[in-house]
Amino acid sequence: MSSNNSTGGTRMSRHSTSTPGPKRPHNGWRTFRRVLFVIVAIGVLGILAGAGLFFFYAQSAPKITQSALSSDTSTRVYDANGKVISRLGAQNRNYVKNNGIPTTLKQAVVSTEDRRFYKNNGVDPIRILGAAFANVTGSSLGMQGGSTLTQQLVKLSVFSTAAADRTLKRKAQEAWLALKVDHNYSKDQILEYYINKVYMGNGVYGMQTAAEYYYGKDLKDLELPQLALLAGMPQAPNDYDPTTYPQYAEKRRNLVLDAMAKNNAITSAQAAQAKATNIKTGLVKTHRSTTTDAKTTKVIDAYLKQVYAELKAKGYNTTTGGLKVYTNLDMGAQKKLYSIVNSGNYVNFPSSKFQVGSTIVNPNNGQVVAMIGGRKTGNVTFGLNRAVQKDRSSASTAKPLMDYGPAIEHLYYPTYEPVKDTAFTYPGTDKSLYDWDKQYQGTITMRKALYESRNIPAVRTLQNVGISKATKFLEGLGMTFDKTLTLQNGIGLYISSEQEAAAYAAFANGGTYYKPYLVSKVVTQDGKKHNYASTGKRAMSAATAFMLTDMMKDVITNESGSGRSAAISGLYQAGKTGTDSYPDDYADKVPDGATMDSWFTGYTKNYAVSVWTGYDKQFQTGHYVSESQTTIAQEIYKYEMSYLAGKSTNTDWTAPSTVTRTTQNGKTEYYVTGHPGTVTDTTATSQYGSTNNTNSSAYSSNNQATTSSSTSKTESSTTESSTSKESSSTEQKPSGNGNGNDDDNSTQTSSTTNTDDNKN
């Protein structure tokens, strides 16, 4: 019985302790394997897709030739006829063959730019994947500093360096061409091309030329510290210029030395010794010129400087871009203008320091065809361009722009509108406005006020129009200002000759404003063409443009006109004079009738020419424009326009249908069709001054200090609350040294007489 119990107990025990069978795989493990499979599959498909996309892009890659690899990457600039006028850096590149390149320099370049250069096939797959990832994610990582040395050579040889062109397609093509270059050329050849192609600052291309420019020696004669500096410069050549930024240059050189030591190209001791060398050791004090043909460069200096400014504004790299830049330059007109202002064959200049700034614009498209930024400038390259400076008053050349133009446009003034040349005091002040002769002519026509350039009628007209409408009119002509304009600006705006030529061009073409521009087309290294043009915008009615032109003809042809020295027999032209005299607190230091600035801006249907004359430092002893010298601007215009007229048709303006011709006092006059009457001058006047009870909105904003949006650092200002009681206009007096780049922004209260038209 016990046995049975025992047996039964045993069976139960065996059953309870029996070994389990094999378990089925857990569901989680199966899910993991499936996910892993999907990931791998996606990865493989991604690689295949990436490879497919790579080869798709590679098929459209541009061809790369030995000529492209070995040529310079300078910017070529062409005139309007397609002739090269400048080749930045190319003339200053001395090519060095492989056997003339020191081994130390090769080691420095490789250690810095591509440590695996001798092992890779022209590309680094890890870098390529990083670049592709950066494009997908929008990150800049991988797009900068990720290329091999061979890829950098390819980029410099055939591709645009613009940031907008850093695309996945471009990187794929770059990699494909790098593979081909590595296959077709030896490593020494690739290094030779790279060392001769890179930009080294100051218009210098290639390390051999840089050695001559910075050290006055050949590459083979330089020591380790100097070679290390040159090897590190291409990344940011302007920042690593040892003469300008020695502290940055030293840091960069030392990084190169560290890289060389890490790459076992030199020992740590050699690196330390080279680091101890002063960064300026061996630098020459006088550099070889980096300009092209010196004679041609002097002629086009200001124009070329403005071309590079336009290119920079458009985002182009003019130093490493390998650009072809086509401009609107008329070389014949440019040479003529240069000759007029730099020789004694046309104008009798008082001294070599007497300066000129001038711009010529095509009224029908806004193209700047010539520009002069100064005269007798010596060996200075890309110096002060007075043609685009805005720190000098335009004086009475502002009257058609701010006074009479808006009056015709908004108030429908006829050319015979009666305007008052009577005593006037600026509103809210005791400051009187006078003309050059301190006389009043009573009520005269707008035409007479304009061609004789009377100040008081101009300011009264502006007062009737209102500052707001006048400012809007100026905006339509491409002029904006930092601060609110005042009545005083009706006889003087702080604008450049380029702005003024473009504004007067709108009068010439019937009322359409074209923004002035110099660059018409840019072709990048990869062959892409970028065309540029100015889109015309209606700035005023055709009636306004025609009536202003008809009145400004009299400035030149009328026996009492202020611009008679600009007359050219038989030529249909119009224009306006402008002179700006000294403030009262300085007037006793110069002769009677002396001025700071003298302008003439005139035009035909084919050209608009604006000329400024004066001295950079107008408050320096003897630096004034005498009464007889105020005609120099007109003479410059006359000789240049005579040349231009010889290469264009001479046609007169015809009245548009919106203008009606009439006869007043035996003379031909015009009015806007439907508006033959006159507008009543609402300013109350007396023999001693104006009560100025015109609505205050006519002159706006409490007549605060006026400052134009000058690109110069000078922003001098005036205030109408001066206690001076005798001034014909309150002009802004440039502060500081008067060189167009002053740092003194002190407020000046000046009392000046706009001597426009001290009768010659």
# chains A, B, ... in the order shown; residues from 1 in each chain; ligands from 1
>>> residues_around(residues="Asn120 of chain A", least_positions_apart="2", cutoff="12 Å", atoms="only C-alpha atoms", output="compact mmCIF listing (two decimals) with N, CA and C atoms, in the first residue's frame")
# COMPACT_ATOMS: atom_id res chain seq x y z
N ASP A 114 44.03 68.90 -47.50
CA ASP A 114 43.58 67.54 -47.82
C ASP A 114 44.66 66.54 -47.41
N ARG A 115 44.62 66.10 -46.15
CA ARG A 115 45.67 65.22 -45.62
C ARG A 115 45.74 63.89 -46.38
N ARG A 116 44.63 63.45 -46.93
CA ARG A 116 44.60 62.17 -47.63
C ARG A 116 44.74 62.37 -49.15
N PHE A 117 45.29 63.50 -49.54
CA PHE A 117 45.39 63.85 -50.95
C PHE A 117 46.08 62.77 -51.77
N TYR A 118 47.19 62.24 -51.28
CA TYR A 118 47.96 61.26 -52.05
C TYR A 118 47.34 59.86 -52.01
N GLY A 122 40.53 61.66 -55.62
CA GLY A 122 39.98 62.96 -56.01
C GLY A 122 38.76 63.34 -55.21
N VAL A 123 38.14 62.36 -54.54
CA VAL A 123 36.99 62.62 -53.69
C VAL A 123 37.14 61.85 -52.39
N ASP A 124 36.46 62.31 -51.37
CA ASP A 124 36.41 61.63 -50.09
C ASP A 124 34.95 61.26 -49.87
N PRO A 125 34.59 59.98 -49.96
CA PRO A 125 33.17 59.58 -49.85
C PRO A 125 32.49 60.09 -48.59
N ILE A 126 33.21 60.10 -47.49
CA ILE A 126 32.61 60.58 -46.24
C ILE A 126 32.22 62.04 -46.37
N ARG A 127 33.08 62.83 -46.99
CA ARG A 127 32.77 64.25 -47.19
C ARG A 127 31.61 64.43 -48.17
N SER A 147 35.38 69.72 -49.20
CA SER A 147 35.91 69.28 -50.49
C SER A 147 37.38 68.90 -50.39
N THR A 148 37.77 67.93 -51.22
CA THR A 148 39.19 67.59 -51.33
C THR A 148 39.90 68.70 -52.10
N LEU A 149 41.20 68.62 -52.10
CA LEU A 149 41.98 69.62 -52.82
C LEU A 149 41.65 69.58 -54.31
N THR A 150 41.44 68.38 -54.83
CA THR A 150 41.10 68.23 -56.25
C THR A 150 39.74 68.85 -56.54
N GLN A 151 38.79 68.66 -55.65
CA GLN A 151 37.48 69.26 -55.83
C GLN A 151 37.56 70.79 -55.80
N ALA A 178 36.16 65.76 -60.34
CA ALA A 178 37.36 65.53 -59.54
C ALA A 178 37.90 64.12 -59.76
N LEU A 179 36.99 63.14 -59.88
CA LEU A 179 37.41 61.77 -60.18
C LEU A 179 38.13 61.72 -61.54
N ASP A 182 41.57 63.42 -61.28
CA ASP A 182 42.53 62.57 -60.58
C ASP A 182 42.99 61.41 -61.46
N HIS A 183 42.08 60.94 -62.33
CA HIS A 183 42.44 59.84 -63.23
C HIS A 183 43.35 60.30 -64.36
N LYS A 187 49.29 63.64 -59.28
CA LYS A 187 49.10 64.45 -58.07
C LYS A 187 49.95 65.72 -58.14
>>> closest_atom_pairs(of="segment 306-336 of chain A", to="segment 522-540 of chain A", cutoff="7 Å", atoms="only C-alpha atoms", output="tab-separated table")
residue	atom	partner	partner_atom	distance
A:Gly321	CA	A:Gln525	CA	7.0
A:Gly322	CA	A:Gln525	CA	5.6
A:Leu323	CA	A:Thr524	CA	4.9
A:Lys324	CA	A:Val523	CA	5.0
A:Val325	CA	A:Val522	CA	4.7
A:Tyr326	CA	A:Val522	CA	6.2
>>> closest_atom_pairs(of="segment 341-431 of chain A", to="segment 462-480 of chain A", cutoff="12 Å", atoms="only C-alpha atoms", output="JSON lines")
{"residue": "A:Gly366", "atom": "CA", "partner": "A:Gly478", "partner_atom": "CA", "distance": 11.6}
{"residue": "A:Lys390", "atom": "CA", "partner": "A:Met479", "partner_atom": "CA", "distance": 11.2}
{"residue": "A:Ala398", "atom": "CA", "partner": "A:Leu474", "partner_atom": "CA", "distance": 9.9}
{"residue": "A:Lys399", "atom": "CA", "partner": "A:Leu462", "partner_atom": "CA", "distance": 8.9}
{"residue": "A:Pro400", "atom": "CA", "partner": "A:Leu474", "partner_atom": "CA", "distance": 10.3}
{"residue": "A:Leu401", "atom": "CA", "partner": "A:Leu474", "partner_atom": "CA", "distance": 6.6}
{"residue": "A:Met402", "atom": "CA", "partner": "A:Ala470", "partner_atom": "CA", "distance": 5.3}
{"residue": "A:Asp403", "atom": "CA", "partner": "A:Leu462", "partner_atom": "CA", "distance": 4.7}
{"residue": "A:Tyr404", "atom": "CA", "partner": "A:Leu462", "partner_atom": "CA", "distance": 7.6}
{"residue": "A:Gly405", "atom": "CA", "partner": "A:Phe473", "partner_atom": "CA", "distance": 7.9}
{"residue": "A:Pro406", "atom": "CA", "partner": "A:Ala470", "partner_atom": "CA", "distance": 5.7}
{"residue": "A:Ala407", "atom": "CA", "partner": "A:Val465", "partner_atom": "CA", "distance": 5.8}
{"residue": "A:Ile408", "atom": "CA", "partner": "A:Val465", "partner_atom": "CA", "distance": 9.4}
{"residue": "A:Glu409", "atom": "CA", "partner": "A:Phe473", "partner_atom": "CA", "distance": 8.7}
{"residue": "A:His410", "atom": "CA", "partner": "A:Val465", "partner_atom": "CA", "distance": 7.3}
{"residue": "A:Leu411", "atom": "CA", "partner": "A:Val465", "partner_atom": "CA", "distance": 7.0}
{"residue": "A:Tyr412", "atom": "CA", "partner": "A:Val465", "partner_atom": "CA", "distance": 10.4}
{"residue": "A:Tyr413", "atom": "CA", "partner": "A:Val465", "partner_atom": "CA", "distance": 10.3}
{"residue": "A:Val419", "atom": "CA", "partner": "A:Asn464", "partner_atom": "CA", "distance": 10.6}
{"residue": "A:Lys420", "atom": "CA", "partner": "A:Asn464", "partner_atom": "CA", "distance": 11.8}
{"residue": "A:Phe424", "atom": "CA", "partner": "A:Gln463", "partner_atom": "CA", "distance": 11.5}
{"residue": "A:Thr425", "atom": "CA", "partner": "A:Gln463", "partner_atom": "CA", "distance": 12.0}
{"residue": "A:Tyr426", "atom": "CA", "partner": "A:Gln463", "partner_atom": "CA", "distance": 10.1}
{"residue": "A:Pro427", "atom": "CA", "partner": "A:Gln463", "partner_atom": "CA", "distance": 10.0}
>>> write_last_selection(atoms="N, CA and C atoms", output="PDB file, in the first residue's frame")
ATOM      1  N   GLY A 366      18.630 104.018 -68.767  1.00  0.00           N
ATOM      2  CA  GLY A 366      19.308 104.116 -67.479  1.00  0.00           C
ATOM      3  C   GLY A 366      20.751 103.661 -67.486  1.00  0.00           C
ATOM      4  N   LYS A 390      27.514 111.863 -51.921  1.00  0.00           N
ATOM      5  CA  LYS A 390      26.294 112.629 -51.667  1.00  0.00           C
ATOM      6  C   LYS A 390      26.486 113.649 -50.546  1.00  0.00           C
ATOM      7  N   ALA A 398      18.466 121.548 -57.862  1.00  0.00           N
ATOM      8  CA  ALA A 398      17.354 120.889 -57.178  1.00  0.00           C
ATOM      9  C   ALA A 398      16.008 121.497 -57.555  1.00  0.00           C
ATOM     10  N   LYS A 399      16.004 122.709 -58.096  1.00  0.00           N
ATOM     11  CA  LYS A 399      14.741 123.422 -58.324  1.00  0.00           C
ATOM     12  C   LYS A 399      13.782 122.697 -59.282  1.00  0.00           C
ATOM     13  N   PRO A 400      14.240 122.170 -60.414  1.00  0.00           N
ATOM     14  CA  PRO A 400      13.299 121.421 -61.267  1.00  0.00           C
ATOM     15  C   PRO A 400      12.815 120.138 -60.594  1.00  0.00           C
ATOM     16  N   LEU A 401      13.650 119.577 -59.721  1.00  0.00           N
ATOM     17  CA  LEU A 401      13.340 118.298 -59.097  1.00  0.00           C
ATOM     18  C   LEU A 401      12.349 118.424 -57.947  1.00  0.00           C
ATOM     19  N   MET A 402      12.535 119.428 -57.119  1.00  0.00           N
ATOM     20  CA  MET A 402      11.740 119.521 -55.894  1.00  0.00           C
ATOM     21  C   MET A 402      10.699 120.634 -55.918  1.00  0.00           C
ATOM     22  N   ASP A 403      10.900 121.654 -56.748  1.00  0.00           N
ATOM     23  CA  ASP A 403       9.995 122.807 -56.729  1.00  0.00           C
ATOM     24  C   ASP A 403       9.071 122.830 -57.948  1.00  0.00           C
ATOM     25  N   TYR A 404       9.658 123.085 -59.110  1.00  0.00           N
ATOM     26  CA  TYR A 404       8.847 123.335 -60.295  1.00  0.00           C
ATOM     27  C   TYR A 404       8.244 122.066 -60.902  1.00  0.00           C
ATOM     28  N   GLY A 405       8.976 120.949 -60.814  1.00  0.00           N
ATOM     29  CA  GLY A 405       8.410 119.692 -61.305  1.00  0.00           C
ATOM     30  C   GLY A 405       7.140 119.316 -60.562  1.00  0.00           C
ATOM     31  N   PRO A 406       7.175 119.255 -59.225  1.00  0.00           N
ATOM     32  CA  PRO A 406       5.954 118.954 -58.473  1.00  0.00           C
ATOM     33  C   PRO A 406       4.853 119.990 -58.679  1.00  0.00           C
ATOM     34  N   ALA A 407       5.227 121.271 -58.904  1.00  0.00           N
ATOM     35  CA  ALA A 407       4.217 122.320 -59.100  1.00  0.00           C
ATOM     36  C   ALA A 407       3.424 122.082 -60.379  1.00  0.00           C
ATOM     37  N   ILE A 408       4.101 121.651 -61.434  1.00  0.00           N
ATOM     38  CA  ILE A 408       3.394 121.349 -62.682  1.00  0.00           C
ATOM     39  C   ILE A 408       2.590 120.064 -62.526  1.00  0.00           C
ATOM     40  N   GLU A 409       3.192 119.084 -61.884  1.00  0.00           N
ATOM     41  CA  GLU A 409       2.559 117.773 -61.747  1.00  0.00           C
ATOM     42  C   GLU A 409       1.312 117.824 -60.880  1.00  0.00           C
ATOM     43  N   HIS A 410       1.372 118.538 -59.764  1.00  0.00           N
ATOM     44  CA  HIS A 410       0.276 118.502 -58.799  1.00  0.00           C
ATOM     45  C   HIS A 410      -0.621 119.748 -58.806  1.00  0.00           C
ATOM     46  N   LEU A 411      -0.028 120.917 -59.143  1.00  0.00           N
ATOM     47  CA  LEU A 411      -0.805 122.152 -59.121  1.00  0.00           C
ATOM     48  C   LEU A 411      -1.108 122.679 -60.521  1.00  0.00           C
ATOM     49  N   TYR A 412      -0.616 121.993 -61.532  1.00  0.00           N
ATOM     50  CA  TYR A 412      -0.848 122.359 -62.935  1.00  0.00           C
ATOM     51  C   TYR A 412      -0.353 123.766 -63.247  1.00  0.00           C
ATOM     52  N   TYR A 413       0.798 124.134 -62.690  1.00  0.00           N
ATOM     53  CA  TYR A 413       1.382 125.426 -63.040  1.00  0.00           C
ATOM     54  C   TYR A 413       1.656 125.472 -64.541  1.00  0.00           C
ATOM     55  N   VAL A 419       4.869 134.038 -60.258  1.00  0.00           N
ATOM     56  CA  VAL A 419       5.461 133.689 -58.963  1.00  0.00           C
ATOM     57  C   VAL A 419       6.088 134.943 -58.369  1.00  0.00           C
ATOM     58  N   LYS A 420       6.150 134.992 -57.053  1.00  0.00           N
ATOM     59  CA  LYS A 420       6.587 136.213 -56.373  1.00  0.00           C
ATOM     60  C   LYS A 420       8.053 136.157 -55.956  1.00  0.00           C
ATOM     61  N   PHE A 424      11.125 137.363 -48.183  1.00  0.00           N
ATOM     62  CA  PHE A 424      10.647 136.100 -47.647  1.00  0.00           C
ATOM     63  C   PHE A 424      11.466 135.716 -46.421  1.00  0.00           C
ATOM     64  N   THR A 425      10.776 135.251 -45.409  1.00  0.00           N
ATOM     65  CA  THR A 425      11.422 134.739 -44.202  1.00  0.00           C
ATOM     66  C   THR A 425      10.950 133.315 -43.974  1.00  0.00           C
ATOM     67  N   TYR A 426      11.885 132.411 -43.649  1.00  0.00           N
ATOM     68  CA  TYR A 426      11.503 131.030 -43.400  1.00  0.00           C
ATOM     69  C   TYR A 426      10.506 130.956 -42.257  1.00  0.00           C
ATOM     70  N   PRO A 427       9.453 130.193 -42.408  1.00  0.00           N
ATOM     71  CA  PRO A 427       8.397 130.103 -41.391  1.00  0.00           C
ATOM     72  C   PRO A 427       8.948 129.750 -40.009  1.00  0.00           C
TER      73      PRO A 427
END
>>> closest_residue(among="A:Thr381, A:Ser343, A:Asn202, A:Thr296", to="Pro237 of chain A", atoms="only C-alpha atoms")
A:Asn202
>>> atom_distance(atom1="atom CA of Ile632 of chain A", atom2="atom CA of Ile340 of chain A")
10.9 Å
>>> closest_residue(among="A:Tyr671, A:Tyr214, A:Tyr615, A:Tyr637", to="Ile556 of chain A", atoms="only C-alpha atoms")
A:Tyr637
>>> closest_residue(among="A:Asp241, A:Asp597, A:Thr662, A:Gln226", to="Asp616 of chain A", atoms="only C-alpha atoms")
A:Asp597
>>> closest_atom_pairs(of="segment 342-399 of chain A", to="segment 501-518 of chain A", cutoff="8 Å", atoms="only C-alpha atoms", output="JSON lines")
{"residue": "A:Thr359", "atom": "CA", "partner": "A:Ala501", "partner_atom": "CA", "distance": 6.5}
{"residue": "A:Ile360", "atom": "CA", "partner": "A:Ala501", "partner_atom": "CA", "distance": 6.5}
{"residue": "A:Val361", "atom": "CA", "partner": "A:Ala501", "partner_atom": "CA", "distance": 6.1}
{"residue": "A:Asn362", "atom": "CA", "partner": "A:Ala505", "partner_atom": "CA", "distance": 7.2}
{"residue": "A:Pro363", "atom": "CA", "partner": "A:Ala505", "partner_atom": "CA", "distance": 4.4}
{"residue": "A:Asn364", "atom": "CA", "partner": "A:Asn509", "partner_atom": "CA", "distance": 6.3}
{"residue": "A:Asn365", "atom": "CA", "partner": "A:Tyr514", "partner_atom": "CA", "distance": 6.1}
{"residue": "A:Gly366", "atom": "CA", "partner": "A:Pro516", "partner_atom": "CA", "distance": 4.5}
{"residue": "A:Gln367", "atom": "CA", "partner": "A:Tyr517", "partner_atom": "CA", "distance": 5.3}
{"residue": "A:Val368", "atom": "CA", "partner": "A:Leu518", "partner_atom": "CA", "distance": 5.3}
{"residue": "A:Val369", "atom": "CA", "partner": "A:Leu518", "partner_atom": "CA", "distance": 7.4}
>>> write_last_selection(atoms="all heavy atoms", output="PDB file, in the first residue's frame")
ATOM      1  N   THR A 359      28.771 112.155 -64.191  1.00  0.00           N
ATOM      2  CA  THR A 359      28.141 110.912 -64.642  1.00  0.00           C
ATOM      3  C   THR A 359      27.327 111.177 -65.909  1.00  0.00           C
ATOM      4  O   THR A 359      26.662 112.203 -66.016  1.00  0.00           O
ATOM      5  CB  THR A 359      27.195 110.344 -63.567  1.00  0.00           C
ATOM      6  OG1 THR A 359      27.917 110.164 -62.350  1.00  0.00           O
ATOM      7  CG2 THR A 359      26.612 109.010 -64.012  1.00  0.00           C
ATOM      8  N   ILE A 360      27.409 110.236 -66.851  1.00  0.00           N
ATOM      9  CA  ILE A 360      26.632 110.329 -68.088  1.00  0.00           C
ATOM     10  C   ILE A 360      25.708 109.132 -68.175  1.00  0.00           C
ATOM     11  O   ILE A 360      26.137 107.982 -68.048  1.00  0.00           O
ATOM     12  CB  ILE A 360      27.553 110.364 -69.329  1.00  0.00           C
ATOM     13  CG1 ILE A 360      28.563 111.508 -69.208  1.00  0.00           C
ATOM     14  CG2 ILE A 360      26.734 110.505 -70.608  1.00  0.00           C
ATOM     15  CD1 ILE A 360      29.578 111.537 -70.334  1.00  0.00           C
ATOM     16  N   VAL A 361      24.419 109.409 -68.390  1.00  0.00           N
ATOM     17  CA  VAL A 361      23.399 108.364 -68.415  1.00  0.00           C
ATOM     18  C   VAL A 361      22.627 108.410 -69.732  1.00  0.00           C
ATOM     19  O   VAL A 361      22.367 109.488 -70.269  1.00  0.00           O
ATOM     20  CB  VAL A 361      22.414 108.547 -67.236  1.00  0.00           C
ATOM     21  CG1 VAL A 361      21.212 107.624 -67.367  1.00  0.00           C
ATOM     22  CG2 VAL A 361      23.123 108.291 -65.908  1.00  0.00           C
ATOM     23  N   ASN A 362      22.280 107.252 -70.240  1.00  0.00           N
ATOM     24  CA  ASN A 362      21.405 107.150 -71.401  1.00  0.00           C
ATOM     25  C   ASN A 362      19.966 107.296 -70.909  1.00  0.00           C
ATOM     26  O   ASN A 362      19.477 106.447 -70.153  1.00  0.00           O
ATOM     27  CB  ASN A 362      21.595 105.796 -72.092  1.00  0.00           C
ATOM     28  CG  ASN A 362      20.780 105.658 -73.366  1.00  0.00           C
ATOM     29  OD1 ASN A 362      19.700 106.234 -73.494  1.00  0.00           O
ATOM     30  ND2 ASN A 362      21.285 104.884 -74.309  1.00  0.00           N
ATOM     31  N   PRO A 363      19.236 108.337 -71.317  1.00  0.00           N
ATOM     32  CA  PRO A 363      17.880 108.570 -70.805  1.00  0.00           C
ATOM     33  C   PRO A 363      16.875 107.483 -71.169  1.00  0.00           C
ATOM     34  O   PRO A 363      15.833 107.356 -70.525  1.00  0.00           O
ATOM     35  CB  PRO A 363      17.473 109.898 -71.454  1.00  0.00           C
ATOM     36  CG  PRO A 363      18.742 110.533 -71.877  1.00  0.00           C
ATOM     37  CD  PRO A 363      19.656 109.403 -72.233  1.00  0.00           C
ATOM     38  N   ASN A 364      17.174 106.699 -72.173  1.00  0.00           N
ATOM     39  CA  ASN A 364      16.198 105.747 -72.680  1.00  0.00           C
ATOM     40  C   ASN A 364      16.262 104.367 -72.035  1.00  0.00           C
ATOM     41  O   ASN A 364      15.429 103.515 -72.314  1.00  0.00           O
ATOM     42  CB  ASN A 364      16.362 105.613 -74.198  1.00  0.00           C
ATOM     43  CG  ASN A 364      16.210 106.954 -74.889  1.00  0.00           C
ATOM     44  OD1 ASN A 364      15.202 107.629 -74.728  1.00  0.00           O
ATOM     45  ND2 ASN A 364      17.219 107.358 -75.646  1.00  0.00           N
ATOM     46  N   ASN A 365      17.272 104.163 -71.169  1.00  0.00           N
ATOM     47  CA  ASN A 365      17.362 102.857 -70.511  1.00  0.00           C
ATOM     48  C   ASN A 365      18.080 102.889 -69.158  1.00  0.00           C
ATOM     49  O   ASN A 365      18.156 101.860 -68.483  1.00  0.00           O
ATOM     50  CB  ASN A 365      18.059 101.837 -71.424  1.00  0.00           C
ATOM     51  CG  ASN A 365      19.349 102.379 -72.013  1.00  0.00           C
ATOM     52  OD1 ASN A 365      20.076 103.139 -71.370  1.00  0.00           O
ATOM     53  ND2 ASN A 365      19.641 101.991 -73.243  1.00  0.00           N
ATOM     54  N   GLY A 366      18.630 104.018 -68.767  1.00  0.00           N
ATOM     55  CA  GLY A 366      19.308 104.116 -67.479  1.00  0.00           C
ATOM     56  C   GLY A 366      20.751 103.661 -67.486  1.00  0.00           C
ATOM     57  O   GLY A 366      21.407 103.633 -66.429  1.00  0.00           O
ATOM     58  N   GLN A 367      21.280 103.294 -68.631  1.00  0.00           N
ATOM     59  CA  GLN A 367      22.664 102.823 -68.685  1.00  0.00           C
ATOM     60  C   GLN A 367      23.644 103.965 -68.399  1.00  0.00           C
ATOM     61  O   GLN A 367      23.554 105.024 -69.020  1.00  0.00           O
ATOM     62  CB  GLN A 367      22.964 102.223 -70.056  1.00  0.00           C
ATOM     63  CG  GLN A 367      22.190 100.958 -70.352  1.00  0.00           C
ATOM     64  CD  GLN A 367      22.487 100.389 -71.725  1.00  0.00           C
ATOM     65  OE1 GLN A 367      23.167 101.024 -72.546  1.00  0.00           O
ATOM     66  NE2 GLN A 367      21.977  99.198 -72.005  1.00  0.00           N
ATOM     67  N   VAL A 368      24.565 103.726 -67.471  1.00  0.00           N
ATOM     68  CA  VAL A 368      25.625 104.688 -67.197  1.00  0.00           C
ATOM     69  C   VAL A 368      26.726 104.431 -68.212  1.00  0.00           C
ATOM     70  O   VAL A 368      27.366 103.378 -68.205  1.00  0.00           O
ATOM     71  CB  VAL A 368      26.172 104.535 -65.768  1.00  0.00           C
ATOM     72  CG1 VAL A 368      27.339 105.493 -65.535  1.00  0.00           C
ATOM     73  CG2 VAL A 368      25.061 104.790 -64.750  1.00  0.00           C
ATOM     74  N   VAL A 369      26.956 105.392 -69.104  1.00  0.00           N
ATOM     75  CA  VAL A 369      27.893 105.173 -70.210  1.00  0.00           C
ATOM     76  C   VAL A 369      29.280 105.731 -69.926  1.00  0.00           C
ATOM     77  O   VAL A 369      30.243 105.382 -70.601  1.00  0.00           O
ATOM     78  CB  VAL A 369      27.340 105.765 -71.521  1.00  0.00           C
ATOM     79  CG1 VAL A 369      26.026 105.094 -71.894  1.00  0.00           C
ATOM     80  CG2 VAL A 369      27.132 107.270 -71.407  1.00  0.00           C
TER      81      VAL A 369
END
>>> residues_around(residues="Met551 of chain A", least_positions_apart="3", cutoff="6 Å", atoms="only C-alpha atoms", output="PyMOL selection string")
chain A and resi 447+548+554
>>> write_last_selection(atoms="all heavy atoms", output="mmCIF file, in the first residue's frame")
data_model
loop_
_atom_site.group_PDB
_atom_site.id
_atom_site.type_symbol
_atom_site.label_atom_id
_atom_site.label_comp_id
_atom_site.auth_asym_id
_atom_site.auth_seq_id
_atom_site.Cartn_x
_atom_site.Cartn_y
_atom_site.Cartn_z
ATOM 1 N N ARG A 447 8.819 130.561 -65.679
ATOM 2 C CA ARG A 447 9.895 130.366 -66.648
ATOM 3 C C ARG A 447 11.080 131.268 -66.336
ATOM 4 O O ARG A 447 12.224 130.801 -66.264
ATOM 5 C CB ARG A 447 9.387 130.635 -68.064
ATOM 6 C CG ARG A 447 10.454 130.473 -69.142
ATOM 7 C CD ARG A 447 9.942 130.901 -70.504
ATOM 8 N NE ARG A 447 8.882 130.025 -70.983
ATOM 9 C CZ ARG A 447 9.097 128.893 -71.651
ATOM 10 N NH1 ARG A 447 10.332 128.496 -71.899
ATOM 11 N NH2 ARG A 447 8.073 128.184 -72.075
ATOM 12 N N LEU A 548 8.994 121.307 -68.279
ATOM 13 C CA LEU A 548 10.266 121.565 -67.601
ATOM 14 C C LEU A 548 11.395 121.688 -68.622
ATOM 15 O O LEU A 548 12.245 122.576 -68.532
ATOM 16 C CB LEU A 548 10.585 120.441 -66.611
ATOM 17 C CG LEU A 548 9.841 120.459 -65.284
ATOM 18 C CD1 LEU A 548 10.078 119.154 -64.534
ATOM 19 C CD2 LEU A 548 10.299 121.641 -64.428
ATOM 20 N N ASP A 554 15.760 127.566 -71.948
ATOM 21 C CA ASP A 554 16.072 128.986 -71.786
ATOM 22 C C ASP A 554 17.232 129.222 -70.835
ATOM 23 O O ASP A 554 17.879 130.274 -70.889
ATOM 24 C CB ASP A 554 14.837 129.739 -71.280
ATOM 25 C CG ASP A 554 13.799 129.948 -72.379
ATOM 26 O OD1 ASP A 554 14.099 129.614 -73.532
ATOM 27 O OD2 ASP A 554 12.702 130.437 -72.068
#
>>> closest_residue(among="A:Tyr670, A:Phe619, A:Tyr582, A:Tyr572", to="Thr658 of chain A", atoms="only C-alpha atoms")
A:Tyr670
>>> atom_distance(atom1="atom CA of Ala274 of chain A", atom2="atom CA of Leu222 of chain A")
12.3 Å
>>> select_by_dssp(residues="segment 318-393 of chain A", states="helix (DSSP H, G or I)", output="MDAnalysis selection string")
chainID A and resid 331:342
>>> select_by_dssp(residues="segment 170-399 of chain A", states="strand (DSSP E)", output="number ranges by chain")
A: 324-327, 355-361, 368-372
>>> residues_around(residues="Val388 of chain A", least_positions_apart="2", cutoff="10 Å", atoms="only C-alpha atoms", output="MDAnalysis selection string")
chainID A and resid 302 306 357:359 371:373 384:386 390:391 495:500 710:712
>>> atom_distance(atom1="atom CA of Thr651 of chain A", atom2="atom CA of Gln334 of chain A")
23.4 Å
